[in-house]
Each structure stands twice: as C-alpha cells, then as structure tokens.
file coords.txt (compact mmCIF, C-alpha atoms and all ligand atoms)
# COMPACT_ATOMS: atom_id res chain seq x y z
CA MET U 243 -51.60 -59.74 25.70
CA GLU U 244 -53.23 -57.04 27.81
CA THR U 245 -55.77 -56.19 25.14
CA LEU U 246 -58.74 -57.69 26.98
CA LYS U 247 -57.80 -55.69 30.06
CA ALA U 248 -57.67 -52.47 28.02
CA LEU U 249 -61.07 -53.35 26.50
CA ALA U 250 -62.49 -53.82 30.00
CA MET U 251 -61.34 -50.26 30.67
CA ASN U 252 -63.08 -49.02 27.52
CA LYS U 253 -65.10 -46.37 29.28
CA THR U 254 -65.98 -42.77 28.67
CA THR U 255 -64.04 -40.13 30.58
CA LYS U 256 -65.91 -36.91 31.25
CA LYS U 257 -63.50 -35.21 33.69
CA TYR U 258 -59.96 -34.33 32.70
CA LEU U 259 -56.88 -32.84 34.32
CA ASN U 260 -55.89 -29.42 33.03
CA LYS U 261 -52.74 -30.81 31.42
CA GLN U 262 -51.95 -31.45 27.77
CA VAL U 263 -51.27 -35.01 26.55
CA SER U 264 -47.55 -35.65 26.04
CA GLU U 265 -46.31 -35.77 22.46
CA SER U 266 -45.06 -39.37 22.81
CA GLU U 267 -48.43 -40.57 24.16
CA LEU U 268 -50.22 -38.69 21.41
CA GLN U 269 -48.07 -40.38 18.78
CA SER U 270 -48.68 -43.81 20.41
CA ILE U 271 -52.44 -43.49 20.24
CA LEU U 272 -52.38 -42.08 16.70
CA LEU U 273 -50.25 -45.02 15.61
CA ALA U 274 -52.67 -47.41 17.32
CA GLY U 275 -55.55 -45.65 15.57
CA CYS U 276 -53.92 -46.24 12.22
CA SER U 277 -53.25 -49.92 12.95
CA LEU U 278 -56.20 -50.99 10.88
CA PRO U 279 -56.63 -54.26 9.05
CA ASN U 280 -58.00 -52.59 5.95
CA VAL U 281 -54.90 -51.20 4.25
CA GLY U 282 -56.78 -49.84 1.23
CA ILE U 283 -58.56 -47.10 3.17
CA TYR U 284 -55.66 -44.92 4.26
CA ASN U 285 -55.97 -42.42 1.41
CA ASN U 286 -59.62 -41.85 2.25
CA LEU U 287 -59.07 -40.87 5.88
CA HIS U 288 -57.47 -37.81 7.38
CA LEU U 289 -56.69 -37.06 11.02
CA THR U 290 -56.63 -33.60 12.60
CA VAL U 291 -55.28 -33.11 16.11
CA VAL U 292 -56.69 -29.92 17.63
CA GLN U 293 -54.89 -28.74 20.76
CA ASN U 294 -55.10 -25.00 20.22
CA PRO U 295 -57.35 -23.74 23.05
CA HIS U 296 -58.77 -20.90 20.92
CA LEU U 297 -59.79 -23.25 18.13
CA LEU U 298 -61.23 -25.76 20.61
CA GLU U 299 -63.27 -22.97 22.15
CA LYS U 300 -64.44 -21.80 18.73
CA ILE U 301 -65.61 -25.31 17.83
CA ALA U 302 -67.27 -25.67 21.25
CA ASP U 303 -69.09 -22.38 20.68
CA LYS U 304 -70.45 -23.60 17.34
CA ILE U 305 -71.77 -26.72 19.06
CA ARG U 306 -73.39 -24.69 21.87
CA LYS U 307 -75.13 -22.50 19.31
CA ALA U 308 -76.21 -25.43 17.12
CA PHE U 309 -77.75 -27.23 20.08
CA ASP U 310 -78.94 -24.04 21.76
CA LYS U 311 -77.18 -25.06 24.97
CA PRO U 312 -75.05 -22.09 26.15
CA ASP U 313 -73.62 -23.98 29.13
CA LEU U 314 -72.62 -27.14 27.24
CA LYS U 315 -69.04 -28.37 27.65
CA PRO U 316 -69.01 -30.50 24.50
CA PHE U 317 -65.49 -31.90 25.01
CA TYR U 318 -65.82 -32.28 28.77
CA GLY U 319 -62.55 -30.38 29.18
CA ALA U 320 -60.49 -32.86 27.12
CA PRO U 321 -57.45 -30.81 25.99
CA THR U 322 -56.96 -32.75 22.75
CA LEU U 323 -59.58 -33.30 20.08
CA ILE U 324 -58.82 -35.77 17.32
CA LEU U 325 -61.03 -35.40 14.28
CA VAL U 326 -61.40 -38.08 11.65
CA SER U 327 -62.29 -36.73 8.24
CA SER U 328 -63.10 -38.61 5.09
CA ILE U 329 -64.27 -38.26 1.54
CA LYS U 330 -67.88 -39.37 1.09
CA GLU U 331 -67.89 -42.73 -0.65
CA LYS U 332 -70.35 -43.47 -3.41
CA GLY U 333 -71.69 -46.51 -5.27
CA ASN U 334 -71.15 -49.92 -3.76
CA TYR U 335 -69.12 -48.49 -0.88
CA LEU U 336 -71.75 -45.96 0.21
CA GLY U 337 -71.27 -45.14 3.90
CA VAL U 338 -68.14 -47.22 4.38
CA GLU U 339 -66.23 -44.13 5.59
CA TYR U 340 -68.22 -44.24 8.83
CA GLY U 341 -67.19 -47.85 9.41
CA ASN U 342 -63.55 -46.99 8.78
CA ALA U 343 -63.70 -43.97 11.08
CA ALA U 344 -65.36 -46.02 13.82
CA CYS U 345 -62.57 -48.63 13.67
CA LEU U 346 -59.96 -45.89 13.88
CA VAL U 347 -61.64 -44.07 16.76
CA ASP U 348 -62.12 -47.26 18.74
CA ASN U 349 -58.48 -48.24 18.31
CA ILE U 350 -57.55 -44.85 19.77
CA HIS U 351 -60.08 -45.28 22.60
CA VAL U 352 -58.64 -48.64 23.66
CA ALA U 353 -54.99 -47.60 23.20
CA ALA U 354 -55.66 -44.50 25.32
CA ALA U 355 -57.08 -46.67 28.13
CA ASP U 356 -54.05 -48.95 27.89
CA ILE U 357 -51.62 -46.09 28.59
CA GLY U 358 -53.74 -44.40 31.25
CA LEU U 359 -55.39 -41.72 29.15
CA GLY U 360 -59.09 -40.99 29.21
CA SER U 361 -61.20 -40.48 26.09
CA VAL U 362 -64.69 -39.66 24.94
CA ASN U 363 -66.31 -40.45 21.62
CA LEU U 364 -67.56 -37.24 20.05
CA TRP U 365 -70.10 -36.79 17.33
CA THR U 366 -71.94 -33.57 18.12
CA PHE U 367 -69.37 -31.37 16.38
CA VAL U 368 -69.74 -33.11 13.01
CA ASN U 369 -72.47 -30.90 11.55
CA PRO U 370 -71.73 -27.58 13.31
CA ILE U 371 -68.08 -27.77 12.23
CA ASN U 372 -68.72 -28.06 8.51
CA THR U 373 -68.29 -24.30 8.06
CA MET U 374 -64.74 -24.51 9.48
CA ILE U 375 -63.12 -26.75 6.87
CA ASP U 376 -60.53 -24.08 5.94
CA GLU U 377 -59.63 -23.38 9.56
CA LEU U 378 -59.10 -27.08 10.11
CA GLU U 379 -56.74 -27.09 7.11
CA LEU U 380 -58.37 -30.17 5.65
CA PRO U 381 -57.38 -31.49 2.24
CA GLU U 382 -59.86 -30.81 -0.54
CA GLY U 383 -63.02 -32.90 -0.41
CA PHE U 384 -62.55 -34.09 3.18
CA ILE U 385 -65.18 -33.47 5.84
CA PRO U 386 -65.07 -34.38 9.56
CA ILE U 387 -67.18 -37.44 10.31
CA ALA U 388 -66.06 -38.63 13.75
CA GLY U 389 -63.95 -37.56 16.64
CA ILE U 390 -62.59 -38.33 20.04
CA GLY U 391 -61.51 -36.19 22.99
CA ILE U 392 -58.36 -37.25 24.83
CA GLY U 393 -56.69 -36.23 28.07
CA TYR U 394 -55.47 -37.36 31.45
CA PRO U 395 -58.48 -38.54 33.47
CA ALA U 396 -59.21 -36.62 36.65
CA ASP U 397 -60.06 -39.97 38.29
CA PRO U 398 -58.25 -43.22 37.43
CA ILE U 399 -60.08 -45.51 35.01
CA GLU U 400 -60.99 -48.73 36.76
CA SER U 401 -61.00 -52.05 34.97
CA ASP U 402 -64.33 -53.89 35.09
CA THR U 403 -62.72 -57.09 36.38
CA GLN U 404 -61.51 -57.77 32.86
CA ASN U 405 -65.02 -58.28 31.51
CA LYS U 406 -65.40 -61.41 33.68
CA ASN U 407 -68.69 -60.33 35.23
CA LYS U 408 -70.07 -58.74 32.12
CA SER U 409 -72.68 -60.20 29.86
CA LEU U 410 -73.33 -59.19 26.28
CA GLN U 411 -75.16 -55.87 26.34
CA ILE U 412 -76.14 -56.01 22.71
CA ASN U 413 -78.61 -58.60 21.50
CA CYS U 414 -76.88 -61.33 19.57
CA ASN U 415 -78.34 -64.24 17.63
CA TYR U 416 -76.27 -67.26 16.71
CA ILE U 417 -76.64 -69.14 13.45
CA LYS U 418 -74.53 -72.30 13.61
C1 LIG U 501 -69.99 -42.77 17.95
C2 LIG U 501 -70.31 -42.08 19.24
C3 LIG U 501 -70.38 -40.70 19.27
C4 LIG U 501 -70.69 -40.02 20.45
N1 LIG U 501 -70.73 -38.66 20.47
C5 LIG U 501 -70.95 -38.01 21.63
C6 LIG U 501 -70.90 -36.58 21.69
O1 LIG U 501 -70.64 -35.89 20.72
N2 LIG U 501 -71.15 -36.00 22.89
C7 LIG U 501 -71.42 -36.73 24.01
O2 LIG U 501 -71.63 -36.13 25.07
N3 LIG U 501 -71.46 -38.06 23.97
C8 LIG U 501 -71.23 -38.72 22.82
N4 LIG U 501 -71.24 -40.09 22.78
C9 LIG U 501 -71.55 -40.82 24.01
C10 LIG U 501 -70.40 -40.77 24.99
O3 LIG U 501 -69.18 -41.08 24.36
C11 LIG U 501 -70.64 -41.73 26.15
O4 LIG U 501 -70.49 -43.03 25.71
C12 LIG U 501 -72.00 -41.59 26.76
O5 LIG U 501 -72.22 -40.25 27.08
C13 LIG U 501 -72.12 -42.46 28.04
O6 LIG U 501 -71.27 -41.95 29.00
P1 LIG U 501 -71.26 -42.52 30.47
O7 LIG U 501 -70.55 -43.85 30.41
O8 LIG U 501 -70.47 -41.50 31.26
O9 LIG U 501 -72.67 -42.66 30.90
C14 LIG U 501 -70.93 -40.77 21.62
C15 LIG U 501 -70.82 -42.15 21.58
C16 LIG U 501 -70.51 -42.80 20.42
C17 LIG U 501 -70.38 -44.29 20.42
call {"tool": "encode", "arguments": {"input": "coords.txt", "output": "structure tokens"}}
result
Amino acid sequence: METLKALAMNKTTKKYLNKQVSESELQSILLAGCSLPNVGIYNNLHLTVVQNPHLLEKIADKIRKAFDKPDLKPFYGAPTLILVSSIKEKGNYLGVEYGNAACLVDNIHVAAADIGLGSVNLWTFVNPINTMIDELELPEGFIPIAGIGIGYPADPIESDTQNKNKSLQINCNYIK
C-alpha cells in the first residue's frame, strides 16, 4: 500500500495552476472522502463542490470583509472548493459533526496528494458564508462547517522521505 507515502506528502499547497481539476480526479477524491468507517453518519453530512469562479469570488469577498483584509486570497487560487456541511448534533453527540467532517476532509487531503493534486484545509469561510446558504443550495438545516481547496499544484509536492525522518510533532503520552 502507498498510503504511508501519500501521508508523507500530506502538505498544504498554497500555489495552484490556473487549470480546473478533471472530473474523474474530482470524483476519485470525493469517493475517497466518503470512504469513512462510520457508516451511520452519511445522512448528517453534505458535500458542495464550488467551481463557479463568480461564486468563489463572492465567497472570497465575504471572507475579506469579515477579516478586514482586502488583499487576502483565502483559497490561494485553488479552483475547486469543497465544502462539508452538517446538521448541528445535540445531546450525547454534541460536536460530533466536526469530527466527522475532519475525517472526510483529511481523506480528501491524502487522496489528493496520492493522485498529484494539491489541497489546503480551509476554515475561514465557515462564519462569513452563513448568509449564503440558499446560494449554496444546501438542504434544509445544513450549515458549512469545514472545507478544502483543491487544484493542481504549481510546484510538485515532495514526499518527506516517507515519514522516516519525522518524529511525532504532537505530544503523546503512553499508558500501557
Ligand atoms: C482544520 C483546519 C482549517 C484551516 N483553515 C485555514 C484557512 O481557512 N485558511 C488558511 O490560510 N489556513 C487554514 N489552515 C491552515 C493551513 O491549511 C495550513 O496548514 C497552514 O497555513 C500551514 O501552511 P504551511 O505548511 O504552508 O506553513 C487550516 C488548517 C486546518 C487543520
């Protein structure tokens, strides 16, 4: 399996070619995104693929205004934005939608690296976009909670020697 290699290439891309992602590659990464171990969550998640340049620009403009940064390029020029929307969970499952969305987004991130696409985790749009629910044609009750920009990287993504020289970057305690 090449999975560890793809994980070693799990990096953020912030420079993209001015070329739209092919339909077959888009479908591959969406399918990978949906390859989740938790079958019960599918009804609570919704994906929106935004490739319309006018809508991307409109969302970007909302972000610039919200953050008061007129020169911001919030998607770094990625021509495809995939939004993950969910229904807010209550009770014992409070907040679980964020966990589900994170699993989905990371699957897409790794699958994109595997087929030579670049990607960037995106969060900044989440609040500014909540006035655009109709324009995003979301089902009732769904709100965007995570996203990822996708495109062909301007520079090839290098593998970090398959994680061989990496150490854990997050503190970890072991209880054996
Ligand atoms: C869940 C999540 C959401 C993020 N949202 C954004 C975002 O909206 N905008 C942004 O510029 N970076 C965002 N980041 C950070 C970038 O994806 C990237 O990891 C970070 O900018 C480091 O990039 P670098 O490797 O080029 O230094 C997010 C990261 C995560 C994990």
call {"tool": "atom_distance", "arguments": {"input": "coords.txt", "atom1": "CA of Leu287 (chain U)", "atom2": "CA of Pro386 (chain U)"}}
result
9.6 Å
call {"tool": "closest_atom_pairs", "arguments": {"input": "coords.txt", "of": "region 292-392 of chain U", "to": "region 265-282 of chain U", "cutoff": "8 Å", "atoms": "all atoms listed in the file", "output": "tab-separated table"}}
result
residue	atom	partner	partner_atom	distance
U:Cys345	CA	U:Leu278	CA	7.3
U:Leu346	CA	U:Gly275	CA	4.7
U:Val347	CA	U:Gly275	CA	6.4
U:Asp348	CA	U:Gly275	CA	7.5
U:Asn349	CA	U:Gly275	CA	4.8
U:Ile350	CA	U:Gly275	CA	4.7
U:Ala353	CA	U:Ile271	CA	5.7
U:Ala354	CA	U:Ile271	CA	6.1
U:Ile357	CA	U:Glu267	CA	7.8
call {"tool": "residues_near_ligand", "arguments": {"input": "coords.txt", "ligand": "ligand LIG 501 (chain U)", "cutoff": "6 Å", "atoms": "all atoms listed in the file", "output": "PDB file with C-alpha atoms, in the frame of the given file"}}
result
ATOM      1  CA  THR U 254     -65.980 -42.770  28.670  1.00  0.00           C
ATOM      2  CA  VAL U 362     -64.690 -39.660  24.940  1.00  0.00           C
ATOM      3  CA  ASN U 363     -66.310 -40.450  21.620  1.00  0.00           C
ATOM      4  CA  LEU U 364     -67.560 -37.240  20.050  1.00  0.00           C
ATOM      5  CA  TRP U 365     -70.100 -36.790  17.330  1.00  0.00           C
ATOM      6  CA  THR U 366     -71.940 -33.570  18.120  1.00  0.00           C
TER       7      THR U 366
END
call {"tool": "closest_residue", "arguments": {"input": "coords.txt", "among": "U:Ala320, U:Leu297, U:Ile329, U:Ala355", "to": "Glu382 (chain U)", "atoms": "all atoms listed in the file"}}
result
U:Ile329
call {"tool": "closest_residue", "arguments": {"input": "coords.txt", "among": "U:Gly333, U:Gly341, U:Pro321, U:Pro381", "to": "Val291 (chain U)", "atoms": "all atoms listed in the file"}}
result
U:Pro321
call {"tool": "residues_around", "arguments": {"input": "coords.txt", "residues": "Ile324 (chain U)", "least_positions_apart": "4", "cutoff": "7 Å", "atoms": "all atoms listed in the file", "output": "list of chain:residue names"}}
result
U:Leu289, U:Thr290, U:Val291, U:Val292, U:Gly389, U:Ile390, U:Gly391
call {"tool": "write_last_selection", "arguments": {"input": "coords.txt", "atoms": "C-alpha atoms", "output": "PDB file, in the frame of the given file"}}
result
ATOM      1  CA  LEU U 289     -56.690 -37.060  11.020  1.00  0.00           C
ATOM      2  CA  THR U 290     -56.630 -33.600  12.600  1.00  0.00           C
ATOM      3  CA  VAL U 291     -55.280 -33.110  16.110  1.00  0.00           C
ATOM      4  CA  VAL U 292     -56.690 -29.920  17.630  1.00  0.00           C
ATOM      5  CA  GLY U 389     -63.950 -37.560  16.640  1.00  0.00           C
ATOM      6  CA  ILE U 390     -62.590 -38.330  20.040  1.00  0.00           C
ATOM      7  CA  GLY U 391     -61.510 -36.190  22.990  1.00  0.00           C
TER       8      GLY U 391
END
call {"tool": "closest_residue", "arguments": {"input": "coords.txt", "among": "U:Ser361, U:Asn372, U:Thr322, U:Gln293", "to": "Pro395 (chain U)", "atoms": "all atoms listed in the file"}}
result
U:Ser361
call {"tool": "atom_distance", "arguments": {"input": "coords.txt", "atom1": "CA of Thr245 (chain U)", "atom2": "CA of Asp356 (chain U)"}}
result
7.9 Å
call {"tool": "closest_residue", "arguments": {"input": "coords.txt", "among": "U:Lys257, U:Lys418, U:His351, U:Lys300", "to": "Tyr394 (chain U)", "atoms": "only C-alpha atoms"}}
result
U:Lys257
call {"tool": "residues_around", "arguments": {"input": "coords.txt", "residues": "Glu299 (chain U)", "least_positions_apart": "2", "cutoff": "12 Å", "atoms": "all atoms listed in the file", "output": "PDB file with C-alpha atoms, in the coordinates of the input"}}
result
ATOM      1  CA  VAL U 292     -56.690 -29.920  17.630  1.00  0.00           C
ATOM      2  CA  GLN U 293     -54.890 -28.740  20.760  1.00  0.00           C
ATOM      3  CA  ASN U 294     -55.100 -25.000  20.220  1.00  0.00           C
ATOM      4  CA  PRO U 295     -57.350 -23.740  23.050  1.00  0.00           C
ATOM      5  CA  HIS U 296     -58.770 -20.900  20.920  1.00  0.00           C
ATOM      6  CA  LEU U 297     -59.790 -23.250  18.130  1.00  0.00           C
ATOM      7  CA  ILE U 301     -65.610 -25.310  17.830  1.00  0.00           C
ATOM      8  CA  ALA U 302     -67.270 -25.670  21.250  1.00  0.00           C
ATOM      9  CA  ASP U 303     -69.090 -22.380  20.680  1.00  0.00           C
ATOM     10  CA  LYS U 304     -70.450 -23.600  17.340  1.00  0.00           C
ATOM     11  CA  ILE U 305     -71.770 -26.720  19.060  1.00  0.00           C
ATOM     12  CA  ARG U 306     -73.390 -24.690  21.870  1.00  0.00           C
ATOM     13  CA  LEU U 314     -72.620 -27.140  27.240  1.00  0.00           C
ATOM     14  CA  LYS U 315     -69.040 -28.370  27.650  1.00  0.00           C
ATOM     15  CA  PRO U 316     -69.010 -30.500  24.500  1.00  0.00           C
ATOM     16  CA  PHE U 317     -65.490 -31.900  25.010  1.00  0.00           C
ATOM     17  CA  TYR U 318     -65.820 -32.280  28.770  1.00  0.00           C
ATOM     18  CA  GLY U 319     -62.550 -30.380  29.180  1.00  0.00           C
ATOM     19  CA  ALA U 320     -60.490 -32.860  27.120  1.00  0.00           C
ATOM     20  CA  PRO U 321     -57.450 -30.810  25.990  1.00  0.00           C
ATOM     21  CA  THR U 322     -56.960 -32.750  22.750  1.00  0.00           C
ATOM     22  CA  LEU U 323     -59.580 -33.300  20.080  1.00  0.00           C
ATOM     23  CA  PHE U 367     -69.370 -31.370  16.380  1.00  0.00           C
TER      24      PHE U 367
END
call {"tool": "atom_distance", "arguments": {"input": "coords.txt", "atom1": "CA of Val368 (chain U)", "atom2": "CA of Ser327 (chain U)"}}
result
9.6 Å
call {"tool": "closest_residue", "arguments": {"input": "coords.txt", "among": "U:Val326, U:Ile371, U:Val352, U:Leu410", "to": "His288 (chain U)", "atoms": "only C-alpha atoms"}}
result
U:Val326
call {"tool": "closest_residue", "arguments": {"input": "coords.txt", "among": "U:Ser328, U:Asn285, U:Ser264, U:Asn252", "to": "Ile375 (chain U)", "atoms": "only C-alpha atoms"}}
result
U:Ser328
call {"tool": "decode", "arguments": {"input": "coords.txt", "residues": "region 260-385 of chain U", "atoms": "C-alpha atoms", "output": "tab-separated table (two decimals), in the first residue's frame"}}
result
chain	number	residue	atom	x	y	z
U	260	ASN	CA	-4.80	28.08	-13.41
U	261	LYS	CA	-6.46	24.85	-14.54
U	262	GLN	CA	-9.60	23.16	-13.27
U	263	VAL	CA	-9.40	19.68	-11.69
U	264	SER	CA	-10.55	16.95	-14.08
U	265	GLU	CA	-13.95	15.43	-13.43
U	266	SER	CA	-12.51	11.92	-12.95
U	267	GLU	CA	-9.96	13.15	-10.37
U	268	LEU	CA	-12.68	15.11	-8.61
U	269	GLN	CA	-14.84	12.01	-8.39
U	270	SER	CA	-11.87	9.96	-7.09
U	271	ILE	CA	-11.18	12.31	-4.22
U	272	LEU	CA	-14.87	12.69	-3.35
U	273	LEU	CA	-15.17	8.92	-3.23
U	274	ALA	CA	-12.08	8.74	-1.02
U	275	GLY	CA	-13.59	11.42	1.21
U	276	CYS	CA	-16.71	9.34	1.67
U	277	SER	CA	-14.74	6.18	2.47
U	278	LEU	CA	-15.36	6.59	6.15
U	279	PRO	CA	-15.52	3.86	8.75
U	280	ASN	CA	-18.57	5.35	10.43
U	281	VAL	CA	-21.42	4.34	8.13
U	282	GLY	CA	-24.14	5.88	10.30
U	283	ILE	CA	-23.09	9.47	9.62
U	284	TYR	CA	-23.77	9.78	5.91
U	285	ASN	CA	-27.20	11.37	6.28
U	286	ASN	CA	-25.76	14.07	8.51
U	287	LEU	CA	-23.12	15.28	6.06
U	288	HIS	CA	-23.46	17.10	2.78
U	289	LEU	CA	-20.77	17.99	0.25
U	290	THR	CA	-20.82	21.03	-2.04
U	291	VAL	CA	-18.29	21.37	-4.84
U	292	VAL	CA	-17.90	25.02	-5.84
U	293	GLN	CA	-16.09	25.56	-9.13
U	294	ASN	CA	-18.03	28.56	-10.40
U	295	PRO	CA	-15.48	31.42	-10.45
U	296	HIS	CA	-18.14	34.05	-9.68
U	297	LEU	CA	-19.36	32.20	-6.62
U	298	LEU	CA	-15.80	31.52	-5.46
U	299	GLU	CA	-15.06	35.22	-5.78
U	300	LYS	CA	-18.23	36.13	-3.89
U	301	ILE	CA	-17.29	33.81	-1.02
U	302	ALA	CA	-13.73	35.17	-1.06
U	303	ASP	CA	-15.09	38.70	-0.86
U	304	LYS	CA	-17.17	37.83	2.21
U	305	ILE	CA	-14.05	36.45	3.88
U	306	ARG	CA	-12.00	39.56	3.01
U	307	LYS	CA	-14.68	41.77	4.51
U	308	ALA	CA	-15.14	39.61	7.61
U	309	PHE	CA	-11.41	39.65	8.33
U	310	ASP	CA	-10.93	43.22	7.09
U	311	LYS	CA	-8.16	42.05	4.77
U	312	PRO	CA	-8.88	43.44	1.27
U	313	ASP	CA	-5.87	41.72	-0.30
U	314	LEU	CA	-6.49	38.26	1.15
U	315	LYS	CA	-6.55	35.32	-1.26
U	316	PRO	CA	-8.46	32.97	1.04
U	317	PHE	CA	-8.35	29.94	-1.30
U	318	TYR	CA	-4.81	30.60	-2.52
U	319	GLY	CA	-6.07	30.33	-6.10
U	320	ALA	CA	-7.40	26.77	-5.70
U	321	PRO	CA	-10.01	26.43	-8.49
U	322	THR	CA	-12.18	23.95	-6.59
U	323	LEU	CA	-13.62	24.47	-3.13
U	324	ILE	CA	-15.23	21.51	-1.42
U	325	LEU	CA	-17.48	22.45	1.47
U	326	VAL	CA	-18.60	19.99	4.10
U	327	SER	CA	-21.90	20.88	5.68
U	328	SER	CA	-23.69	19.21	8.53
U	329	ILE	CA	-26.64	19.44	10.84
U	330	LYS	CA	-25.66	20.52	14.36
U	331	GLU	CA	-25.81	17.49	16.62
U	332	LYS	CA	-27.30	17.75	20.08
U	333	GLY	CA	-27.34	15.72	23.30
U	334	ASN	CA	-24.77	12.99	23.74
U	335	TYR	CA	-23.35	13.55	20.26
U	336	LEU	CA	-22.75	17.30	20.71
U	337	GLY	CA	-19.97	18.43	18.35
U	338	VAL	CA	-19.51	15.08	16.63
U	339	GLU	CA	-20.21	16.70	13.23
U	340	TYR	CA	-16.81	18.40	13.41
U	341	GLY	CA	-15.09	15.06	13.97
U	342	ASN	CA	-16.94	13.54	11.02
U	343	ALA	CA	-16.12	16.49	8.78
U	344	ALA	CA	-12.44	16.37	9.80
U	345	CYS	CA	-12.23	12.66	8.85
U	346	LEU	CA	-13.83	13.41	5.50
U	347	VAL	CA	-11.62	16.39	4.73
U	348	ASP	CA	-8.46	14.53	5.67
U	349	ASN	CA	-9.38	11.58	3.45
U	350	ILE	CA	-9.72	14.05	0.57
U	351	HIS	CA	-6.41	15.72	1.51
U	352	VAL	CA	-4.48	12.43	1.42
U	353	ALA	CA	-6.25	11.10	-1.69
U	354	ALA	CA	-5.48	14.38	-3.48
U	355	ALA	CA	-1.77	14.02	-2.63
U	356	ASP	CA	-1.84	10.43	-3.87
U	357	ILE	CA	-3.01	11.47	-7.35
U	358	GLY	CA	-0.82	14.56	-7.61
U	359	LEU	CA	-3.33	17.21	-6.61
U	360	GLY	CA	-2.62	19.92	-4.07
U	361	SER	CA	-5.01	20.88	-1.29
U	362	VAL	CA	-5.46	23.30	1.57
U	363	ASN	CA	-7.63	22.92	4.64
U	364	LEU	CA	-9.99	25.87	4.86
U	365	TRP	CA	-11.90	27.12	7.83
U	366	THR	CA	-12.05	30.90	7.49
U	367	PHE	CA	-15.13	30.83	5.25
U	368	VAL	CA	-17.28	28.98	7.79
U	369	ASN	CA	-18.75	32.00	9.57
U	370	PRO	CA	-18.76	34.58	6.74
U	371	ILE	CA	-20.56	32.13	4.46
U	372	ASN	CA	-23.54	31.51	6.70
U	373	THR	CA	-25.57	34.17	4.89
U	374	MET	CA	-25.16	32.27	1.60
U	375	ILE	CA	-26.95	29.03	2.47
U	376	ASP	CA	-29.52	29.50	-0.35
U	377	GLU	CA	-26.87	30.28	-2.93
U	378	LEU	CA	-25.02	27.13	-1.93
U	379	GLU	CA	-28.25	25.18	-2.46
U	380	LEU	CA	-27.85	23.35	0.82
U	381	PRO	CA	-30.56	21.05	2.13
U	382	GLU	CA	-32.64	22.44	4.98
U	383	GLY	CA	-30.86	22.60	8.33
U	384	PHE	CA	-27.35	22.11	6.92
U	385	ILE	CA	-24.59	24.64	7.53
